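Peer 1: Contents of start24.csv (CSV, C-alpha atoms) are below:
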chain,number,residue,atom,x,y,z
S,15,MET,CA,66.1,20.3,-24.8
S,16,ALA,CA,66.2,21.8,-21.3
S,17,PHE,CA,69.6,23.3,-22.1
S,18,VAL,CA,68.3,25.0,-25.3
S,19,SER,CA,64.9,26.1,-24.0
S,20,PRO,CA,64.9,28.3,-20.9
S,21,ASN,CA,61.3,27.1,-20.2
S,22,ILE,CA,62.1,23.4,-20.0
S,23,THR,CA,63.4,21.6,-16.9
S,24,ALA,CA,64.4,18.0,-17.4
S,25,PHE,CA,64.7,15.3,-14.8
S,26,ALA,CA,66.4,11.9,-15.3
S,27,VAL,CA,64.7,9.8,-12.7
S,28,GLU,CA,66.0,6.4,-11.5
S,29,ALA,CA,62.7,4.6,-11.2
S,30,THR,CA,63.7,1.8,-8.8
S,31,GLU,CA,65.0,4.4,-6.3
S,32,PHE,CA,61.8,6.3,-6.3
S,33,PRO,CA,59.0,3.7,-6.5
S,34,ASP,CA,56.4,6.3,-5.5
S,35,LEU,CA,57.2,8.3,-8.7
S,36,ALA,CA,57.3,5.2,-10.8
S,37,ARG,CA,53.8,4.2,-9.4
S,38,ARG,CA,52.4,7.7,-9.8
S,39,TYR,CA,53.4,7.8,-13.5
S,40,ARG,CA,52.6,4.2,-14.2
S,41,VAL,CA,56.2,3.3,-15.3
S,42,ASN,CA,56.0,-0.3,-16.5
S,43,GLY,CA,58.9,0.0,-18.9
S,44,VAL,CA,61.8,2.3,-19.5
S,45,PRO,CA,62.7,4.7,-20.9
S,46,LYS,CA,59.4,6.4,-20.2
S,47,THR,CA,59.1,10.2,-20.6
S,48,VAL,CA,56.4,12.2,-18.9
S,49,VAL,CA,55.8,15.8,-20.0
S,50,ASP,CA,53.9,17.9,-17.4
S,51,ASP,CA,51.9,14.9,-16.2
S,52,GLU,CA,50.0,15.1,-19.5
S,53,VAL,CA,52.1,13.6,-22.3
S,54,GLU,CA,53.6,10.1,-22.0
S,55,ILE,CA,56.2,8.7,-24.4
S,56,LEU,CA,57.2,5.1,-24.1
S,57,GLY,CA,60.5,3.9,-25.4
S,58,ALA,CA,63.3,5.6,-27.2
S,59,LEU,CA,62.3,7.5,-30.4
S,60,PRO,CA,64.3,9.2,-33.1
S,61,GLU,CA,65.0,12.9,-32.1
S,62,SER,CA,62.5,14.5,-34.5
S,63,ALA,CA,59.6,12.1,-33.4
S,64,PHE,CA,60.5,12.6,-29.7
S,65,VAL,CA,60.5,16.4,-29.9
S,66,GLU,CA,57.3,16.4,-31.9
S,67,GLN,CA,55.5,14.2,-29.4
S,68,ALA,CA,56.9,16.0,-26.3
S,69,LEU,CA,56.0,19.4,-27.7
S,70,ALA,CA,52.8,18.6,-29.5
S,71,ARG,CA,51.0,21.1,-27.2
S,72,PHE,CA,53.2,23.9,-28.5
S,73,PRO,CA,52.4,24.2,-32.2
S,74,ILE,CA,54.5,26.4,-34.5
S,75,ASP,CA,52.4,29.2,-36.0
S,76,GLY,CA,52.5,29.0,-39.7
S,77,PRO,CA,50.4,28.8,-42.9
Q,20,MET,CA,89.0,1.8,-4.9
Q,21,PRO,CA,88.1,3.9,-8.0
Q,22,LEU,CA,84.8,3.0,-9.6
Q,23,ILE,CA,86.1,3.7,-13.1
Q,24,SER,CA,88.9,1.6,-14.6
Q,25,PRO,CA,92.2,3.4,-15.5
Q,26,SER,CA,91.5,3.1,-19.2
Q,27,ASP,CA,88.0,4.5,-18.9
Q,28,GLN,CA,89.4,7.3,-16.8
Q,29,GLU,CA,91.8,8.1,-19.6
Q,30,ARG,CA,89.0,8.1,-22.2
Q,31,LEU,CA,86.8,10.3,-20.0
Q,32,ARG,CA,89.7,12.7,-19.4
Q,33,GLU,CA,90.1,13.1,-23.2
Q,34,SER,CA,86.3,13.8,-23.6
Q,35,LEU,CA,86.2,16.3,-20.8
Q,36,ALA,CA,89.3,18.1,-22.3
Q,37,GLU,CA,86.9,19.8,-24.8
Q,38,MET,CA,85.2,21.7,-21.9
Q,39,THR,CA,85.7,25.4,-22.1
Q,40,ARG,CA,84.0,26.7,-19.0
Q,41,PRO,CA,83.6,25.7,-15.3
Q,42,VAL,CA,80.8,23.3,-14.4
Q,43,ARG,CA,79.5,22.9,-10.9
Q,44,LEU,CA,77.4,19.8,-10.0
Q,45,LEU,CA,75.1,20.5,-7.0
Q,46,PHE,CA,74.7,17.3,-5.1
Q,47,PHE,CA,71.6,17.3,-3.0
Q,48,THR,CA,71.9,14.8,-0.1
Q,49,LYS,CA,70.5,14.1,3.3
Q,50,THR,CA,72.0,12.3,6.3
Q,51,LEU,CA,69.1,9.9,7.1
Q,52,ASP,CA,67.0,7.6,5.0
Q,53,CYS,CA,69.0,7.9,1.8
Q,54,ASP,CA,70.3,4.5,0.7
Q,55,THR,CA,72.1,5.7,-2.4
Q,56,CYS,CA,73.5,9.1,-1.3
Q,57,LEU,CA,76.9,7.7,-0.5
Q,58,GLN,CA,77.1,5.8,-3.8
Q,59,THR,CA,76.1,9.0,-5.6
Q,60,ARG,CA,78.8,11.0,-3.8
Q,61,GLN,CA,81.4,8.3,-4.7
Q,62,ILE,CA,80.4,8.4,-8.4
Q,63,LEU,CA,80.5,12.2,-8.5
Q,64,ASP,CA,83.9,12.3,-6.8
Q,65,GLU,CA,85.3,10.4,-9.8
Q,66,LEU,CA,84.8,13.5,-12.0
Q,67,PRO,CA,86.9,16.4,-10.6
Q,68,PRO,CA,90.2,14.5,-10.8
Q,69,LEU,CA,89.5,14.1,-14.5
Q,70,SER,CA,89.0,17.8,-15.2
Q,71,ASP,CA,90.0,21.0,-13.5
Q,72,LEU,CA,86.8,22.6,-14.7
Q,73,ILE,CA,84.5,20.3,-12.7
Q,74,ALA,CA,83.5,20.9,-9.1
Q,75,ILE,CA,81.1,19.2,-6.8
Q,76,GLU,CA,79.1,21.2,-4.2
Q,77,GLU,CA,77.2,19.3,-1.6
Q,78,VAL,CA,73.8,20.7,-0.6
Q,79,ASN,CA,71.9,19.3,2.4
Q,80,LEU,CA,68.3,18.9,1.4
Q,81,ILE,CA,67.1,19.5,4.9
Q,82,LEU,CA,69.5,22.2,6.2
Q,83,ASP,CA,69.6,24.1,2.9
Q,84,GLY,CA,66.0,23.7,1.9
Q,85,ASP,CA,66.0,27.1,0.1
Q,86,THR,CA,68.7,26.1,-2.4
Q,87,ALA,CA,66.9,22.8,-3.0
Q,88,LYS,CA,63.6,24.6,-3.6
Q,89,ALA,CA,65.3,27.1,-6.0
Q,90,TYR,CA,66.4,24.1,-8.1
Q,91,GLY,CA,63.1,22.3,-7.8
Q,92,ILE,CA,64.6,19.4,-5.8
Q,93,ASP,CA,62.6,17.7,-3.1
Q,94,ARG,CA,64.4,14.3,-2.9
Q,95,ALA,CA,67.9,12.9,-2.5
Q,96,PRO,CA,70.1,11.9,-4.0
Q,97,ALA,CA,69.7,14.5,-6.7
Q,98,ILE,CA,72.1,16.4,-9.0
Q,99,ALA,CA,71.6,19.8,-10.6
Q,100,ILE,CA,74.1,20.8,-13.3
Q,101,THR,CA,75.2,24.5,-13.4
Q,102,TYR,CA,78.0,26.3,-15.2
Q,103,GLU,CA,79.8,29.6,-15.1
Q,104,ASP,CA,78.9,31.9,-17.9
Q,105,ASN,CA,80.7,35.3,-17.9
Q,106,GLY,CA,81.3,35.2,-14.2
Q,107,SER,CA,77.8,34.3,-13.1
Q,108,VAL,CA,76.1,30.9,-12.4
Q,109,ALA,CA,73.9,29.6,-15.1
Q,110,ASP,CA,71.5,26.6,-14.7
Q,111,THR,CA,71.2,24.0,-17.4
Q,112,ARG,CA,67.8,22.9,-15.9
Q,113,ILE,CA,69.1,19.4,-16.2
Q,114,ARG,CA,68.6,17.2,-13.1
Q,115,PHE,CA,69.3,13.7,-12.1
Q,116,LEU,CA,67.2,11.9,-9.4
Q,117,GLY,CA,68.9,8.8,-8.0
Q,118,ALA,CA,72.4,7.5,-8.3
Q,119,PRO,CA,73.9,8.1,-11.8
Q,120,ALA,CA,75.1,4.5,-12.1
Q,121,GLY,CA,75.4,2.4,-15.2
Q,122,TYR,CA,74.2,4.1,-18.4
Q,123,GLU,CA,73.0,7.1,-16.4
Q,124,PHE,CA,76.6,7.9,-15.8
Q,125,ILE,CA,77.1,8.3,-19.5
Q,126,SER,CA,74.1,10.6,-19.6
Q,127,LEU,CA,75.6,12.6,-16.7
Q,128,VAL,CA,78.9,13.0,-18.6
Q,129,GLN,CA,77.0,14.1,-21.7
Q,130,ALA,CA,75.2,16.7,-19.6
Q,131,VAL,CA,78.5,17.9,-18.1
Q,132,LEU,CA,80.0,18.3,-21.6
Q,133,LEU,CA,76.9,20.3,-22.7
Q,134,ALA,CA,77.2,22.5,-19.6
Q,135,GLY,CA,81.0,22.8,-20.2
Q,136,GLY,CA,80.4,24.4,-23.6
Q,137,ARG,CA,80.0,21.6,-26.2
Q,138,PRO,CA,77.4,22.8,-28.7
Q,139,PRO,CA,73.9,21.1,-28.4
Q,140,GLN,CA,73.5,18.4,-30.9
Q,141,LEU,CA,69.8,19.1,-31.6
Q,142,SER,CA,68.8,19.7,-35.3
Q,143,ALA,CA,67.7,23.1,-36.5
Q,144,GLU,CA,64.2,21.7,-36.8
Q,145,SER,CA,64.1,20.6,-33.1
Q,146,ARG,CA,65.5,24.1,-32.1
Q,147,ALA,CA,62.6,25.7,-34.0
Q,148,ARG,CA,60.1,23.5,-32.1
Q,149,LEU,CA,61.8,24.4,-28.8
Q,150,ALA,CA,61.5,28.1,-29.6
Q,151,ALA,CA,57.7,27.7,-29.5
Q,152,VAL,CA,57.8,26.6,-25.8
Q,153,ASP,CA,56.5,29.8,-24.2
Q,154,ARG,CA,55.6,28.5,-20.7
Q,155,PRO,CA,57.4,26.3,-18.1
Q,156,VAL,CA,57.5,22.6,-18.9
Q,157,THR,CA,58.7,19.8,-16.8
Q,158,MET,CA,60.0,16.6,-18.5
Q,159,GLN,CA,60.8,13.5,-16.5
Q,160,VAL,CA,62.6,10.6,-18.1
Q,161,PHE,CA,62.4,7.4,-16.1
Q,162,THR,CA,65.2,4.9,-16.4
Q,163,THR,CA,66.5,1.9,-14.5
Q,164,PRO,CA,70.1,1.0,-13.7
Q,165,THR,CA,71.7,-1.5,-16.2
Please rewrite the model in this file as structure tokens.
Peer 2:
Amino acid sequence: MAFVSPNITAFAVEATEFPDLARRYRVNGVPKTVVDDEVEILGALPESAFVEQALARFPIDGP
Amino acid sequence: MPLISPSDQERLRESLAEMTRPVRLLFFTKTLDCDTCLQTRQILDELPPLSDLIAIEEVNLILDGDTAKAYGIDRAPAIAITYEDNGSVADTRIRFLGAPAGYEFISLVQAVLLAGGRPPQLSAESRARLAAVDRPVTMQVFTTPT
């Protein structure tokens, strides 16, 4: 997603090496995705569901 | 001693052969208080022998703070993946924090292939969603080594 969108930066974070980040984002299970400290996605989802949840704040204008 | 078995090296070499442009991995490190910096360097050093198009550039987080800041990196070990596009450096905006061991190594190789010119595998629907992202977004995916 980061590669396709010039506005997205993506970090793969190794949780055990950075316990402060894991604590800050309440990582109790992996994978856990945090988008802008606002959206949290737990577990692995199919691509369409993942993209939909991650980008819910960016609706596509349409009818 | 190589971390990757000869048969895995051969498979990796075949995968990386589809790369069409140079990829540079910026490895952010620091001398003190970094338990996994050496391990990360050892993992990264496995890649250039498998493809002439892969290079590793070490960046000291403390001594070269400006570069780290430019890539949004404030910890070590960290990796930023860049590639050469028509003679200039392009940023994939893909980062790894922590040693890319276990399954993360597979993710790293996938990111290198993407930077190296393999077409993104996202659906047309996902691309349309991504086109609506009109301001900076940071995504963090937390994983554990397995």
Peer 1: I need the chain S residues near chain Q as a ChimeraX atom specification; criterion: at most 9 Å, counting only C-alpha atoms.
Peer 2: /S:15-32,36,41,43-51,61-62,65-66,68-69,71-75
Peer 1: Quick one: pull the distance between atom CA of Q:Thr48 and atom CA of Q:Val131, Å, one decimal.
Peer 2: 19.4 Å
Peer 1: Rounded to one decimal, what separation in Å do you get between atom CA of Q:Arg137 and atom CA of Q:Asp64?
Peer 2: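 A separation of 21.9 Å between them.
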